[in-house]
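Chemist: Below you'll find protein.txt; it's compact mmCIF, C-alpha atoms.
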```txt
# COMPACT_ATOMS: atom_id res chain seq x y z
CA MET A 58 18.36 -46.46 -77.32
CA ASP A 59 18.64 -42.88 -78.51
CA ASN A 60 21.22 -42.93 -81.34
CA PHE A 61 21.13 -45.32 -84.29
CA ILE A 62 20.59 -45.76 -88.03
CA ALA A 63 17.33 -47.41 -89.09
CA ILE A 64 17.88 -49.07 -92.44
CA ASP A 65 15.85 -50.95 -95.03
CA VAL A 66 16.70 -52.55 -98.35
CA GLU A 67 14.66 -53.94 -101.20
CA THR A 68 16.03 -56.64 -103.50
CA ALA A 69 15.61 -57.24 -107.21
CA ASN A 70 15.67 -61.03 -107.07
CA ASN A 71 16.38 -63.99 -104.76
CA HIS A 72 20.10 -63.17 -104.47
CA PRO A 73 20.71 -61.30 -101.20
CA SER A 74 23.26 -59.03 -102.89
CA SER A 75 20.66 -57.77 -105.39
CA ILE A 76 19.79 -54.63 -103.45
CA CYS A 77 17.83 -52.28 -105.72
CA ALA A 78 16.83 -49.63 -103.16
CA ILE A 79 18.13 -48.55 -99.78
CA GLY A 80 16.70 -46.16 -97.22
CA ALA A 81 18.30 -45.02 -93.99
CA VAL A 82 17.13 -42.78 -91.16
CA LYS A 83 19.49 -41.32 -88.56
CA VAL A 84 18.13 -41.00 -85.04
CA VAL A 85 20.02 -38.77 -82.59
CA GLY A 86 18.78 -38.16 -79.07
CA GLY A 87 15.67 -40.22 -79.81
CA LEU A 88 14.61 -37.95 -82.70
CA ILE A 89 14.90 -38.41 -86.45
CA SER A 90 17.63 -36.01 -87.53
CA ASP A 91 18.27 -36.96 -91.17
CA SER A 92 17.45 -39.50 -93.85
CA ARG A 93 18.80 -40.85 -97.11
CA TYR A 94 17.40 -42.86 -100.00
CA SER A 95 18.89 -44.24 -103.16
CA LEU A 96 17.93 -46.54 -105.95
CA ILE A 97 20.68 -49.08 -106.64
CA ASN A 98 21.70 -50.90 -109.80
CA PRO A 99 21.40 -54.45 -108.40
CA GLU A 100 24.03 -57.18 -108.53
CA PRO A 101 23.11 -59.52 -110.11
CA ASP A 102 21.23 -57.16 -112.39
CA TRP A 103 17.86 -58.77 -113.09
CA TYR A 104 14.40 -58.55 -111.54
CA SER A 105 12.14 -61.39 -110.50
CA ARG A 106 8.43 -60.85 -111.00
CA ALA A 107 7.85 -61.70 -107.33
CA CYS A 108 10.18 -58.96 -106.07
CA THR A 109 8.81 -56.38 -108.48
CA ALA A 110 5.29 -57.28 -107.31
CA VAL A 111 6.33 -56.50 -103.72
CA HIS A 112 8.08 -53.14 -104.17
CA GLY A 113 7.14 -52.05 -107.70
CA LEU A 114 10.72 -51.48 -108.86
CA SER A 115 12.10 -52.78 -112.14
CA ASP A 116 15.09 -52.38 -114.42
CA ALA A 117 13.45 -49.25 -115.85
CA ASP A 118 13.89 -47.63 -112.42
CA THR A 119 17.47 -48.66 -111.68
CA TRP A 120 19.31 -49.20 -114.97
CA ASN A 121 21.16 -45.89 -114.51
CA ALA A 122 21.37 -45.95 -110.70
CA PRO A 123 24.70 -46.18 -108.86
CA ALA A 124 26.10 -49.49 -107.66
CA PHE A 125 25.66 -50.47 -104.02
CA GLY A 126 29.39 -50.03 -103.40
CA THR A 127 29.30 -46.41 -104.53
CA VAL A 128 26.31 -45.52 -102.35
CA TRP A 129 27.61 -47.42 -99.32
CA GLN A 130 31.00 -45.70 -99.46
CA GLN A 131 29.31 -42.30 -99.73
CA TRP A 132 27.04 -43.05 -96.77
CA GLU A 133 29.60 -44.70 -94.46
CA PRO A 134 30.85 -41.42 -92.92
CA TRP A 135 27.20 -40.45 -92.29
CA PHE A 136 26.61 -43.79 -90.53
CA GLY A 137 29.57 -43.27 -88.24
CA ASP A 138 29.76 -45.87 -85.49
CA LEU A 139 26.01 -45.91 -84.88
CA PRO A 140 24.34 -49.31 -84.59
CA MET A 141 22.02 -50.37 -87.39
CA VAL A 142 18.39 -51.20 -86.70
CA ALA A 143 16.02 -52.93 -89.10
CA HIS A 144 12.62 -54.56 -88.98
CA ASN A 145 13.39 -58.24 -89.60
CA ALA A 146 17.08 -57.44 -89.36
CA ALA A 147 18.05 -60.96 -90.42
CA PHE A 148 16.93 -60.11 -93.97
CA ASP A 149 18.48 -56.64 -94.20
CA ARG A 150 21.72 -57.73 -92.54
CA ARG A 151 22.05 -60.74 -94.87
CA CYS A 152 21.50 -58.53 -97.92
CA ILE A 153 23.87 -55.77 -96.77
CA ASN A 154 26.54 -58.31 -95.84
CA ALA A 155 26.21 -60.03 -99.24
CA ALA A 156 26.41 -56.73 -101.12
CA CYS A 157 29.42 -55.66 -99.03
CA ARG A 158 31.14 -58.94 -99.95
CA VAL A 159 30.46 -58.33 -103.68
CA TYR A 160 32.01 -54.85 -103.45
CA GLN A 161 34.74 -55.85 -100.95
CA LEU A 162 33.47 -53.45 -98.29
CA GLU A 163 33.30 -53.82 -94.55
CA ALA A 164 29.82 -54.74 -93.36
CA PRO A 165 28.32 -53.17 -90.22
CA GLU A 166 28.92 -55.07 -87.00
CA HIS A 167 26.01 -53.95 -84.84
CA PHE A 168 22.46 -54.79 -85.96
CA LEU A 169 19.34 -54.67 -83.80
CA CYS A 170 15.88 -55.84 -84.78
CA THR A 171 12.51 -54.21 -84.09
CA LEU A 172 10.71 -57.41 -85.09
CA SER A 173 12.54 -59.38 -82.39
CA ALA A 174 11.96 -56.58 -79.90
CA ALA A 175 8.24 -56.57 -80.69
CA ARG A 176 8.04 -60.33 -80.24
CA ARG A 177 9.74 -60.04 -76.84
CA THR A 178 7.81 -56.96 -75.69
CA ILE A 179 4.24 -57.21 -76.95
CA PRO A 180 2.20 -60.07 -75.45
CA LYS A 181 0.63 -62.51 -77.89
CA GLY A 182 -2.85 -61.50 -78.89
CA MET A 183 -2.36 -57.77 -78.26
CA CYS A 184 -1.23 -57.04 -81.81
CA ALA A 185 -2.62 -59.07 -84.71
CA SER A 186 0.79 -59.40 -86.32
CA LYS A 187 4.32 -58.18 -85.77
CA SER A 188 4.62 -56.90 -89.35
CA LEU A 189 5.80 -53.34 -89.87
CA PRO A 190 2.33 -52.05 -90.90
CA ALA A 191 0.59 -53.88 -88.04
CA LEU A 192 3.02 -52.55 -85.43
CA CYS A 193 2.74 -49.01 -86.76
CA ASP A 194 -1.04 -49.31 -86.55
CA PHE A 195 -0.78 -50.74 -83.01
CA PHE A 196 1.37 -47.82 -81.84
CA GLY A 197 -0.50 -45.14 -83.83
CA ILE A 198 2.43 -44.40 -86.15
CA PRO A 199 1.29 -43.06 -89.54
CA PHE A 200 2.68 -45.37 -92.22
CA HIS A 201 2.29 -45.33 -95.98
CA GLU A 202 4.17 -46.85 -98.90
CA HIS A 203 5.13 -50.19 -97.34
CA HIS A 204 8.15 -51.65 -99.20
CA ASN A 205 9.47 -48.22 -100.10
CA ALA A 206 12.90 -48.48 -98.47
CA LEU A 207 12.82 -44.97 -96.99
CA ALA A 208 9.24 -45.26 -95.69
CA ASP A 209 10.09 -48.62 -94.09
CA ALA A 210 13.29 -47.23 -92.54
CA GLU A 211 11.38 -44.28 -91.08
CA ALA A 212 8.69 -46.55 -89.64
CA CYS A 213 11.40 -48.79 -88.21
CA ALA A 214 13.11 -45.78 -86.62
CA LYS A 215 9.89 -44.74 -84.90
CA LEU A 216 9.27 -48.29 -83.68
CA ALA A 217 12.85 -48.59 -82.44
CA VAL A 218 12.47 -45.48 -80.29
CA ILE A 219 9.47 -47.18 -78.64
CA LEU A 220 10.68 -50.79 -78.51
CA LEU A 221 14.42 -50.49 -77.97
```
Once more with this new file: its structure as structure tokens, please.
Modeler:
Amino acid sequence: MDNFIAIDVETANNHPSSICAIGAVKVVGGLISDSRYSLINPEPDWYSRACTAVHGLSDADTWNAPAFGTVWQQWEPWFGDLPMVAHNAAFDRRCINAACRVYQLEAPEHFLCTLSAARRTIPKGMCASKSLPALCDFFGIPFHEHHNALADAEACAKLAVILL
């Protein structure tokens, strides 16, 4: 697959609609051509300690950020009709779909998953784990800032070029 959007979201709490950061990387012709990142004022607007411990974001980071609906509408033309790809797409798709419902927006139809592709492609025992950092290490992809939505989307894009 040569053309797609790799996407990643981080959530503020256990509600799937509580997206607090989103990163997206556009791949055209098998090469990263552009990227976008935005902090999001989550809905509902509160942070669990567990989520903050994972990604480091809190209300101090997003209190003045735009709502998901605003960012999504601005990014939709940039997405075009390209399929979405995420690592553990079940999570990102669930969150994006929930946020789209909150803001009465159309959710993306096409979602592919690099985690599923890795599980199908890489024999058991060859890679210690199918986590994003482990797969990047396995394939020699430099990867820093795990759980930064843009860094995760970029790593996912590079994995997708290999695995999909």
Chemist: Find the residues near Ser95 of chain A: any atom within 8 Å, counting all atoms listed in the file, skip ones fewer than 2 places away on the same chain, and give them as a VMD selection string.
Modeler: chain A and resid 78 to 80 93 97 128
Chemist: At a cut-off of 8 Å, using only C-alpha atoms, what residues contact segment 155-165 of chain A? Leave out same-chain residues fewer than 2 positions from it and give the result as a list of chain:residue names.
Modeler: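 Returned residues: A:Pro73, A:Ser74, A:Ser75, A:Ile76, A:Glu100, A:Phe125, A:Gly126, A:Pro140, A:Met141, A:Arg151, A:Cys152, A:Ile153, A:His167, A:Phe168.
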Chemist: Now that the selection is made, can you save its residues with C-alpha atoms as an mmCIF file, in the frame of the given file?
Modeler:
```cif
data_model
loop_
_atom_site.group_PDB
_atom_site.id
_atom_site.type_symbol
_atom_site.label_atom_id
_atom_site.label_comp_id
_atom_site.auth_asym_id
_atom_site.auth_seq_id
_atom_site.Cartn_x
_atom_site.Cartn_y
_atom_site.Cartn_z
ATOM 1 C CA PRO A 73 20.710 -61.300 -101.200
ATOM 2 C CA SER A 74 23.260 -59.030 -102.890
ATOM 3 C CA SER A 75 20.660 -57.770 -105.390
ATOM 4 C CA ILE A 76 19.790 -54.630 -103.450
ATOM 5 C CA GLU A 100 24.030 -57.180 -108.530
ATOM 6 C CA PHE A 125 25.660 -50.470 -104.020
ATOM 7 C CA GLY A 126 29.390 -50.030 -103.400
ATOM 8 C CA PRO A 140 24.340 -49.310 -84.590
ATOM 9 C CA MET A 141 22.020 -50.370 -87.390
ATOM 10 C CA ARG A 151 22.050 -60.740 -94.870
ATOM 11 C CA CYS A 152 21.500 -58.530 -97.920
ATOM 12 C CA ILE A 153 23.870 -55.770 -96.770
ATOM 13 C CA HIS A 167 26.010 -53.950 -84.840
ATOM 14 C CA PHE A 168 22.460 -54.790 -85.960
#
```
Chemist: List as an MDAnalysis selection string the protein and nucleic acid residues near Tyr94 of chain A, meaning an atom at most 12 Å away when all atoms listed in the file are counted, but skip any in the same chain fewer than 3 places from it.
Modeler: chainID A and resid 63:67 77:83 91 97 122:123 125 128:129 131:132 205:211
Chemist: May I ask which of the residues A:Leu192, A:Ile89, A:Val111, A:Ile219 is the closest one to Asn60 of chain A, counting all atoms listed in the file?
Modeler: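 Closest to Asn60 of chain A of all the choices is A:Ile89.
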Chemist: Counting all atoms listed in the file, find the residues whose atoms lie at most 8 Å from (10.3, -54.9, -90.4) (file coordinates) and write them out as an MDAnalysis selection string.
Modeler: chainID A and resid 143:146 170:172 188:189 209 213
